[in-house]
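Q: Next comes the structure file my_file-v2.txt, holding compact mmCIF, C-alpha atoms (C1' of nucleotides).
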```
# COMPACT_ATOMS: atom_id res chain seq x y z
CA MET A 138 19.99 -25.72 2.99
CA ASN A 139 16.35 -25.14 2.34
CA ASN A 140 14.20 -23.74 5.08
CA GLY A 141 11.08 -24.38 3.09
CA TYR A 142 10.62 -20.81 1.99
CA ASP A 143 10.92 -20.65 -1.78
CA ARG A 144 9.93 -17.44 -3.49
CA SER A 145 8.17 -17.35 -6.77
CA VAL A 146 10.36 -16.49 -9.72
CA THR A 147 7.90 -13.86 -10.81
CA GLU A 148 8.41 -12.02 -7.55
CA ASN A 149 9.75 -8.52 -7.94
CA GLU A 150 13.30 -8.69 -6.72
CA LEU A 151 13.31 -4.99 -5.99
CA THR A 152 10.78 -5.33 -3.22
CA ALA A 153 11.82 -8.65 -1.74
CA PRO A 154 12.58 -8.69 1.98
CA PRO A 155 16.10 -9.81 2.89
CA ALA A 156 16.84 -13.46 3.61
CA ARG A 157 17.72 -12.68 7.22
CA LEU A 158 14.14 -11.57 7.79
CA ARG A 159 12.46 -14.21 5.63
CA ALA A 160 14.05 -16.82 7.85
CA LEU A 161 12.52 -15.35 11.02
CA LEU A 162 9.29 -16.76 12.35
CA SER A 163 8.82 -13.68 14.49
CA TRP A 164 9.17 -11.39 11.50
CA GLN A 165 6.73 -13.42 9.46
CA ALA A 166 4.22 -13.31 12.28
CA ASN A 167 4.73 -9.58 12.53
CA ARG A 168 4.08 -9.07 8.85
CA VAL A 169 0.99 -11.28 8.75
CA ASN A 170 -0.28 -9.42 11.77
CA VAL A 171 0.19 -6.05 10.09
CA LEU A 172 -1.48 -7.47 6.99
CA GLY A 173 -4.47 -8.55 9.04
CA SER A 174 -4.58 -5.17 10.71
CA ARG A 175 -4.62 -3.37 7.38
CA LEU A 176 -7.34 -5.59 5.96
CA THR A 177 -9.39 -5.14 9.10
CA GLY A 178 -8.93 -1.41 8.93
CA THR A 179 -10.62 -1.25 5.55
CA ARG A 180 -13.85 -2.58 7.02
CA LEU A 181 -13.79 -1.75 10.69
CA PRO A 182 -12.81 1.05 13.03
CA ALA A 183 -9.28 0.83 14.30
CA THR A 184 -10.47 -0.51 17.62
CA GLY A 185 -12.39 -3.37 16.02
CA ARG A 186 -9.86 -6.08 16.73
CA ALA A 187 -9.54 -5.38 20.43
CA ASP A 188 -13.27 -4.89 20.79
CA PHE A 189 -13.88 -8.21 19.09
CA ALA A 190 -11.50 -10.02 21.41
CA VAL A 191 -13.13 -8.74 24.59
CA LEU A 192 -16.70 -9.14 23.38
CA ALA A 193 -16.05 -12.67 22.13
CA THR A 194 -14.59 -13.60 25.50
CA VAL A 195 -17.47 -12.34 27.61
CA GLU A 196 -19.92 -13.90 25.19
CA GLU A 197 -18.33 -17.33 25.42
CA TYR A 198 -17.44 -17.42 29.11
CA GLY A 199 -20.28 -15.31 30.46
CA PRO A 200 -19.78 -12.35 32.79
CA LEU A 201 -16.17 -12.04 33.81
CA SER A 202 -13.96 -9.79 35.84
CA GLN A 203 -11.53 -7.60 33.94
CA ALA A 204 -8.57 -9.46 35.39
CA ASP A 205 -9.99 -12.76 34.15
CA LEU A 206 -10.49 -11.19 30.76
CA GLY A 207 -6.83 -10.34 30.73
CA ARG A 208 -5.91 -13.92 31.52
CA HIS A 209 -8.05 -15.27 28.73
CA LEU A 210 -6.61 -12.86 26.21
CA GLY A 211 -3.02 -12.68 27.41
CA LEU A 212 -3.26 -8.97 28.06
CA ASP A 213 -2.46 -6.71 30.95
CA ARG A 214 -5.17 -5.54 33.37
CA ASN A 215 -4.50 -2.05 32.16
CA THR A 216 -5.09 -2.82 28.50
CA ILE A 217 -8.34 -4.58 29.33
CA ASN A 218 -9.47 -1.59 31.32
CA GLY A 219 -8.98 0.69 28.34
CA ILE A 220 -10.96 -1.51 26.00
CA ALA A 221 -13.66 -2.09 28.60
CA SER A 222 -14.03 1.64 29.20
CA ARG A 223 -14.43 2.17 25.50
CA LEU A 224 -17.02 -0.59 25.20
CA ASP A 225 -18.79 0.72 28.27
CA ASP A 226 -19.02 4.20 26.80
CA GLY A 227 -20.62 2.70 23.74
CA SER A 228 -23.03 0.66 25.88
CA HIS A 229 -21.63 -2.53 24.37
CA ILE A 230 -20.87 -4.00 27.76
CA LEU A 231 -22.20 -3.44 31.25
CA ARG A 232 -19.82 -3.02 34.17
CA ALA A 233 -21.12 -3.68 37.65
CA THR A 234 -19.24 -4.33 40.86
CA ASP A 235 -19.46 -8.00 41.78
CA THR A 236 -21.75 -8.46 44.81
CA THR A 237 -19.77 -11.40 46.16
CA ASP A 238 -16.39 -9.71 45.71
CA ARG A 239 -16.58 -5.97 45.53
CA ARG A 240 -13.05 -5.70 44.20
CA ARG A 241 -14.21 -7.09 40.89
CA ASN A 242 -16.05 -5.59 37.98
CA THR A 243 -18.50 -7.98 36.41
CA VAL A 244 -18.34 -7.40 32.68
CA ALA A 245 -21.40 -8.53 30.76
CA ILE A 246 -22.30 -8.08 27.11
CA THR A 247 -25.38 -6.02 26.26
CA PRO A 248 -27.80 -6.63 23.37
CA LEU A 249 -26.20 -3.71 21.58
CA GLY A 250 -22.81 -5.27 22.19
CA GLN A 251 -24.05 -8.56 20.83
CA ARG A 252 -25.12 -6.86 17.61
CA TYR A 253 -21.74 -5.11 17.44
CA LEU A 254 -20.02 -8.45 17.97
CA ASP A 255 -21.95 -9.99 15.10
CA GLN A 256 -20.94 -7.14 12.82
CA LEU A 257 -17.33 -7.57 13.84
CA GLN A 258 -17.58 -11.30 13.21
CA THR A 259 -18.80 -10.98 9.64
CA ALA A 260 -16.21 -8.35 8.78
CA THR A 261 -13.51 -10.44 10.41
CA ASP A 262 -14.56 -13.52 8.49
CA THR A 263 -14.05 -11.67 5.24
CA VAL A 264 -10.59 -10.65 6.36
CA GLN A 265 -9.71 -14.25 7.15
CA VAL A 266 -10.75 -15.33 3.67
CA GLU A 267 -8.64 -12.62 2.08
CA LEU A 268 -5.69 -13.41 4.30
CA ALA A 269 -5.76 -17.16 3.67
CA ALA A 270 -6.62 -16.81 -0.01
CA PRO A 271 -3.23 -18.08 -1.26
CA LEU A 272 -3.61 -21.23 0.85
CA SER A 273 -5.66 -24.35 0.25
CA ALA A 274 -8.16 -25.40 2.88
CA THR A 275 -5.85 -28.08 4.24
CA GLU A 276 -2.92 -25.69 4.27
CA ALA A 277 -4.93 -23.12 6.20
CA ALA A 278 -5.89 -25.79 8.73
CA GLN A 279 -2.26 -26.83 9.06
CA LEU A 280 -1.23 -23.25 9.62
CA GLN A 281 -3.80 -22.79 12.37
CA THR A 282 -2.69 -26.00 14.04
CA LEU A 283 0.96 -24.99 14.03
CA LEU A 284 0.29 -21.51 15.33
CA GLY A 285 -1.98 -22.99 17.97
CA LYS A 286 0.79 -25.28 19.14
CA ILE A 287 3.06 -22.32 19.66
CA LEU A 288 0.44 -20.33 21.51
CA ASP A 289 -0.53 -23.24 23.75
CA ALA A 290 3.05 -23.85 24.80
CA HIS A 291 3.84 -20.29 25.81
CA PRO A 292 2.58 -18.33 28.80
CA GLY A 293 -0.12 -15.96 27.71
CA LEU A 294 0.66 -13.21 30.16
CA PRO A 295 3.56 -10.78 30.31
CA GLY A 296 5.97 -10.57 33.20
CA MET B 1376 -16.15 -29.89 12.65
CA ASN B 1377 -12.47 -29.77 13.36
CA ASN B 1378 -10.44 -26.81 12.26
CA GLY B 1379 -7.24 -28.52 13.27
CA TYR B 1380 -6.79 -26.68 16.55
CA ASP B 1381 -7.13 -29.16 19.40
CA ARG B 1382 -6.18 -28.00 22.84
CA SER B 1383 -4.46 -30.19 25.34
CA VAL B 1384 -6.67 -31.54 28.08
CA THR B 1385 -4.23 -30.34 30.67
CA GLU B 1386 -4.73 -26.78 29.48
CA ASN B 1387 -6.07 -24.46 32.11
CA GLU B 1388 -9.63 -23.75 31.07
CA LEU B 1389 -9.66 -20.55 33.06
CA THR B 1390 -7.14 -18.90 30.81
CA ALA B 1391 -8.14 -20.34 27.46
CA PRO B 1392 -8.92 -17.83 24.73
CA PRO B 1393 -12.43 -18.07 23.27
CA ALA B 1394 -13.13 -20.23 20.24
CA ARG B 1395 -14.05 -17.20 18.14
CA LEU B 1396 -10.47 -15.97 18.49
CA ARG B 1397 -8.76 -19.33 18.26
CA ALA B 1398 -10.35 -19.75 14.84
CA LEU B 1399 -8.84 -16.51 13.55
CA LEU B 1400 -5.60 -16.59 11.63
CA SER B 1401 -5.18 -12.87 12.16
CA TRP B 1402 -5.55 -13.24 15.92
CA GLN B 1403 -3.05 -16.10 16.04
CA ALA B 1404 -0.56 -14.07 14.06
CA ASN B 1405 -1.12 -11.16 16.40
CA ARG B 1406 -0.45 -13.30 19.47
CA VAL B 1407 2.65 -14.94 18.04
CA ASN B 1408 3.89 -11.49 17.09
CA VAL B 1409 3.38 -10.20 20.63
CA LEU B 1410 5.07 -13.32 21.93
CA GLY B 1411 8.07 -12.69 19.74
CA SER B 1412 8.13 -9.07 20.80
CA ARG B 1413 8.15 -10.02 24.47
CA LEU B 1414 10.91 -12.57 24.01
CA THR B 1415 12.95 -10.09 22.04
CA GLY B 1416 12.44 -7.48 24.72
CA THR B 1417 14.14 -9.67 27.31
CA ARG B 1418 17.39 -9.61 25.35
CA LEU B 1419 17.33 -6.50 23.24
CA PRO B 1420 16.32 -2.85 23.45
CA ALA B 1421 12.78 -2.20 22.36
CA THR B 1422 13.98 -0.90 19.02
CA GLY B 1423 15.92 -4.06 18.22
CA ARG B 1424 13.41 -5.58 15.84
CA ALA B 1425 13.08 -2.54 13.62
CA ASP B 1426 16.81 -1.90 13.70
CA PHE B 1427 17.46 -5.47 12.66
CA ALA B 1428 15.09 -5.23 9.72
CA VAL B 1429 16.69 -2.11 8.30
CA LEU B 1430 20.27 -3.19 8.92
CA ALA B 1431 19.66 -6.62 7.40
CA THR B 1432 18.20 -5.01 4.29
CA VAL B 1433 21.05 -2.62 3.64
CA GLU B 1434 23.52 -5.39 4.34
CA GLU B 1435 21.97 -7.74 1.81
CA TYR B 1436 21.07 -5.29 -0.93
CA GLY B 1437 23.85 -2.80 -0.47
CA PRO B 1438 23.32 0.96 -0.13
CA LEU B 1439 19.69 1.83 -0.67
CA SER B 1440 17.45 4.84 -0.64
CA GLN B 1441 15.02 5.11 2.25
CA ALA B 1442 12.07 4.71 -0.08
CA ASP B 1443 13.53 1.47 -1.43
CA LEU B 1444 14.04 0.29 2.12
CA GLY B 1445 10.37 0.84 2.73
CA ARG B 1446 9.47 -1.21 -0.32
CA HIS B 1447 11.65 -4.08 0.78
CA LEU B 1448 10.20 -4.07 4.28
CA GLY B 1449 6.61 -3.18 3.51
CA LEU B 1450 6.80 -0.04 5.59
CA ASP B 1451 5.94 3.58 5.05
CA ARG B 1452 8.63 6.11 4.08
CA ASN B 1453 7.95 7.84 7.34
CA THR B 1454 8.54 4.77 9.47
CA ILE B 1455 11.81 4.11 7.68
CA ASN B 1456 12.92 7.66 8.27
CA GLY B 1457 12.40 7.28 11.99
CA ILE B 1458 14.42 4.09 12.22
CA ALA B 1459 17.11 5.49 9.94
CA SER B 1460 17.45 8.62 12.04
CA ARG B 1461 17.87 6.48 15.12
CA LEU B 1462 20.49 4.29 13.45
CA ASP B 1463 22.22 7.37 12.10
CA ASP B 1464 22.42 8.91 15.55
CA GLY B 1465 24.08 5.73 16.77
CA SER B 1466 26.48 5.73 13.81
CA HIS B 1467 25.12 2.36 12.73
CA ILE B 1468 24.37 3.61 9.25
CA LEU B 1469 25.65 6.42 7.09
CA ARG B 1470 23.26 8.69 5.25
CA ALA B 1471 24.53 10.63 2.25
CA THR B 1472 22.64 12.32 -0.54
CA ASP B 1473 22.90 10.27 -3.72
CA THR B 1474 25.14 12.05 -6.24
CA THR B 1475 23.20 10.80 -9.26
CA ASP B 1476 19.81 11.66 -7.78
CA ARG B 1477 19.95 14.27 -5.09
CA ARG B 1478 16.45 13.52 -3.94
CA ARG B 1479 17.63 10.27 -2.46
CA ASN B 1480 19.49 9.39 0.69
CA THR B 1481 21.96 6.60 0.22
CA VAL B 1482 21.82 4.47 3.35
CA ALA B 1483 24.91 2.36 3.97
CA ILE B 1484 25.83 0.20 6.93
CA THR B 1485 28.89 1.14 8.98
CA PRO B 1486 31.35 -1.26 10.66
CA LEU B 1487 29.73 -0.38 13.96
CA GLY B 1488 26.34 -1.12 12.44
CA GLN B 1489 27.63 -4.45 11.19
CA ARG B 1490 28.69 -5.40 14.69
CA TYR B 1491 25.31 -4.27 16.02
CA LEU B 1492 23.60 -6.36 13.34
CA ASP B 1493 25.56 -9.44 14.39
CA GLN B 1494 24.53 -8.92 18.01
CA LEU B 1495 20.92 -8.57 16.95
CA GLN B 1496 21.20 -11.71 14.86
CA THR B 1497 22.43 -13.92 17.68
CA ALA B 1498 19.82 -12.61 20.10
CA THR B 1499 17.13 -13.04 17.47
CA ASP B 1500 18.23 -16.60 16.78
CA THR B 1501 17.70 -17.46 20.41
CA VAL B 1502 14.23 -15.98 20.27
CA GLN B 1503 13.39 -18.09 17.23
CA VAL B 1504 14.44 -21.23 19.04
CA GLU B 1505 12.32 -20.37 22.04
CA LEU B 1506 9.38 -19.46 19.87
CA ALA B 1507 9.48 -22.62 17.78
CA ALA B 1508 10.35 -24.88 20.71
CA PRO B 1509 7.00 -26.70 20.74
CA LEU B 1510 7.42 -27.54 17.05
CA SER B 1511 9.50 -30.20 15.37
CA ALA B 1512 11.99 -29.15 12.72
CA THR B 1513 9.71 -30.20 9.90
CA GLU B 1514 6.75 -28.48 11.51
CA ALA B 1515 8.72 -25.26 11.85
CA ALA B 1516 9.71 -25.47 8.19
CA GLN B 1517 6.09 -26.04 7.22
CA LEU B 1518 5.02 -23.05 9.25
CA GLN B 1519 7.57 -20.82 7.57
CA THR B 1520 6.48 -22.04 4.17
CA LEU B 1521 2.83 -21.35 4.85
CA LEU B 1522 3.45 -17.90 6.27
CA GLY B 1523 5.73 -17.16 3.34
CA LYS B 1524 2.98 -18.07 0.91
CA ILE B 1525 0.68 -15.58 2.53
CA LEU B 1526 3.25 -12.83 2.54
CA ASP B 1527 4.25 -13.41 -1.07
CA ALA B 1528 0.68 -13.17 -2.26
CA HIS B 1529 -0.16 -9.89 -0.57
CA PRO B 1530 1.08 -6.41 -1.40
CA GLY B 1531 3.73 -5.39 1.02
CA LEU B 1532 2.92 -1.74 1.14
CA PRO B 1533 0.00 0.11 2.69
CA GLY B 1534 -2.45 2.20 0.75
C1' DT C 525 -9.35 -9.19 66.88
C1' DA C 526 -5.49 -7.24 64.58
C1' DA C 527 -1.83 -7.30 61.20
C1' DC C 528 -0.29 -8.71 57.04
C1' DC C 529 -0.50 -9.98 52.33
C1' DA C 530 -2.78 -10.61 47.84
C1' DA C 531 -5.91 -9.35 44.28
C1' DC C 532 -8.75 -5.91 41.94
C1' DG C 533 -9.87 -1.60 39.28
C1' DT C 534 -8.11 2.69 38.15
C1' DT C 535 -4.96 6.36 36.67
C1' DG C 536 -0.85 8.06 34.71
C1' DC C 537 3.12 7.51 32.12
C1' DG C 538 6.35 6.07 28.43
C1' DA C 539 7.97 3.72 24.29
C1' DG C 540 7.00 1.71 20.01
C1' DT C 541 4.45 1.08 15.65
C1' DG C 542 2.03 2.40 11.68
C1' DC C 543 -0.43 5.56 8.85
C1' DC C 544 -1.67 10.00 6.56
C1' DA C 545 -0.95 14.85 5.05
C1' DA C 546 1.88 18.45 3.85
C1' DC C 547 6.12 20.87 2.57
C1' DG C 548 10.29 22.08 -0.24
C1' DA C 549 13.71 20.10 -3.26
C1' DT C 550 14.82 17.43 -7.15
C1' DA C 551 14.06 14.68 -11.30
C1' DA C 552 11.60 13.08 -15.40
C1' DC C 553 8.42 13.85 -18.94
C1' DA C 554 5.13 16.39 -22.08
C1' DT D 1170 8.74 25.37 -21.22
C1' DG D 1171 5.33 23.67 -17.71
C1' DT D 1172 3.56 19.54 -15.47
C1' DT D 1173 3.85 15.56 -12.96
C1' DA D 1174 6.16 12.39 -9.91
C1' DT D 1175 9.38 11.02 -6.38
C1' DC D 1176 12.22 11.86 -2.41
C1' DG D 1177 13.30 13.12 2.49
C1' DT D 1178 11.49 15.43 6.27
C1' DT D 1179 8.33 17.11 9.76
C1' DG D 1180 4.25 16.93 12.43
C1' DG D 1181 0.31 14.82 13.91
C1' DC D 1182 -2.89 11.04 15.18
C1' DA D 1183 -4.58 6.50 16.94
C1' DC D 1184 -3.62 2.15 18.80
C1' DT D 1185 -0.99 -1.28 21.47
C1' DC D 1186 1.60 -2.94 25.20
C1' DG D 1187 3.77 -2.66 29.42
C1' DC D 1188 5.25 -0.79 34.14
C1' DA D 1189 4.32 1.53 38.54
C1' DA D 1190 1.49 3.42 41.95
C1' DC D 1191 -2.72 4.32 44.53
C1' DG D 1192 -6.87 3.19 47.33
C1' DT D 1193 -10.24 -0.52 48.05
C1' DT D 1194 -11.49 -5.08 49.22
C1' DG D 1195 -10.79 -9.96 50.50
C1' DG D 1196 -8.26 -13.73 52.62
C1' DT D 1197 -4.81 -15.50 55.94
C1' DT D 1198 -2.42 -15.83 59.94
C1' DA D 1199 -0.65 -14.43 64.44
```
In structure tokens, what does this structure look like?
A:
Amino acid sequence: MNNGYDRSVTENELTAPPARLRALLSWQANRVNVLGSRLTGTRLPATGRADFAVLATVEEYGPLSQADLGRHLGLDRNTINGIASRLDDGSHILRATDTTDRRRNTVAITPLGQRYLDQLQTATDTVQVELAAPLSATEAAQLQTLLGKILDAHPGLPG
Amino acid sequence: MNNGYDRSVTENELTAPPARLRALLSWQANRVNVLGSRLTGTRLPATGRADFAVLATVEEYGPLSQADLGRHLGLDRNTINGIASRLDDGSHILRATDTTDRRRNTVAITPLGQRYLDQLQTATDTVQVELAAPLSATEAAQLQTLLGKILDAHPGLPG
DNA sequence: TAACCAACGTTGCGAGTGCCAACGATAACA
DNA sequence: TGTTATCGTTGGCACTCGCAACGTTGGTTA
């Protein structure tokens, strides 16, 4: 039975992961994620990925509450609060209590945050190229489609 | 321009991730990884994934040193040591100094560890099914192939 | 109006991962 | 011989993710 995962013959057998792991989609995703994290870390501060996610969301959807941010990103309110506090300290976002609903914090991106977002974008683009280097353009598109299908079909939030 | 990631029209626009993230392979891998982690957490202790990786490696390749384990799994010596200590405390592996090279720890799986590995395997299989549910069999195979290509082409170890 | 419930931001906590640096012990090599 | 390299171990650091609780605010219903 072939699960479609054939290793190159030139692969070093001494460092090959076991078949039980190679067959796991969750393990593969974990490894690709770590790979992306390492590549990002060579160009960005360790918080770059989370910062990018939050900044990209407020930039696309306009000012949002922190809870809404969590829903867009599939993250807990708590996690969002941590990232938002960090971005607020760096003046990359502006937090103001919503006038129509004083429970909410309106999170808006600042000009400085916009510049930071652009920096993150260019660095991230380079990482994507490195990551998808072994794939053809059509293969990369296929991969994104398949991963997107999985993400669309699953609830984004914990609990 | 279509990058192959079309969202369903029935998708809730209030919780959709921004386009800048949807276009990122590294972000998709991150989300699928978190998804797998959550699903695993419903059936296994939080350490299940790491335990499974180490146990599967020693089971397939026989007794190994901890450094070799790290090379097979793409993890630091330190990380391996932590997992191995945990498994050793639970009598799931047996650590003994290698007689031919006393620098090394020979890590072998115990009968108890083998049973634990089998439990992890069945729980993990269920997670894979849930994770790949929105995909057809051929699509899932494609996905594994593409992710495998990426992993094969990149160095497994940090630094 | 008053009582209840839900949502929000915030704080604190815990577990897990992954990396780096350093140490002493051991092995291999010059 | 001395030097270099590898190993296991310890300790530390930063980040992520999640849960629970608190006080505040808004909406709903009796």
Q: Counting all atoms listed in the file, which residues from chain B have an atom at most 12 Å from any atom of chain C, and could you show them as a list in words?
A: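 Residues passing the distance filter: Ser1412, Gly1416, Pro1420, Ala1421, Thr1422, Gly1423, Arg1424, Ala1425, Gly1449, Leu1450, Asp1451, Arg1452, Asn1453, Thr1454, Ile1455, Gly1457, Ile1458, Thr1472, Asp1473, Thr1474, Thr1475, Asp1476, Arg1477, Arg1478, Arg1479, Leu1532, Pro1533 and Gly1534 of chain B.
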Q: Quick one: residues within 10 Å of Ala233 (chain A), all atoms listed in the file, excluding same-chain residues fewer than 5 positions away - as a compact mmCIF listing (two decimals) with C-alpha atoms, keeping the file's coordinate frame?
A:
```
# COMPACT_ATOMS: atom_id res chain seq x y z
CA SER A 202 -13.96 -9.79 35.84
CA ARG A 239 -16.58 -5.97 45.53
CA ARG A 241 -14.21 -7.09 40.89
CA ASN A 242 -16.05 -5.59 37.98
CA THR A 243 -18.50 -7.98 36.41
CA VAL A 244 -18.34 -7.40 32.68
CA ALA A 245 -21.40 -8.53 30.76
```
Q: Report, in Å to a single decimal, how far apart CA of Glu1514 (chain B) and CA of Ser273 (chain A) are.
A: 17.3 Å
Q: Counting only C-alpha atoms (C1' of nucleotides), which residues of chain D come no farther than 8 Å from chain A, as a ChimeraX atom specification?
A: /D:1183-1184,1186-1187,1193-1195
Q: Would you mind reading off the distance between C1' of DG1180 (chain D) and CA of Leu1462 (chain B), one decimal, in Å?
A: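 Pair C1' of DG1180 (chain D) / CA of Leu1462 (chain B) returns 20.6 Å.
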Q: Mind checking which residues fall within 9 Å of Arg1418 (chain B), counting only C-alpha atoms (C1' of nucleotides), ignoring those fewer than 2 positions away in the same chain, and posting them as a list in words?
A: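 Counting only the stated atoms, we get Leu1414, Thr1415, Gly1416, Pro1420, Ala1498, Thr1499 and Val1502 of chain B.
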Q: Could you check which of B:Ser1466, B:Gln1441, B:Thr1432, B:Asn1456 is closest to chain A, using all atoms listed in the file?
A: B:Thr1432
Q: In Å, with one decimal, what is the gap from CA of Arg1395 (chain B) to CA of Leu161 (chain A)?
A: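 So the two atoms, CA of Arg1395 (chain B) and CA of Leu161 (chain A), lie 27.6 Å apart.
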Q: Taking only C-alpha atoms into account, name the residue in A:His291, A:Leu181, A:Thr282, A:Pro248 that is nearest to chain B.
A: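 For chain B, the nearest of the given residues is A:Thr282.
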Q: Counting only C-alpha atoms, which residues of chain A come no farther than 8 Å from chain B, as a PyMOL selection string?
A: chain A and resi 140-145+148+151-170+173-175+190+193-194+197-198+205+208-210+265+268-272+276+278-290+295
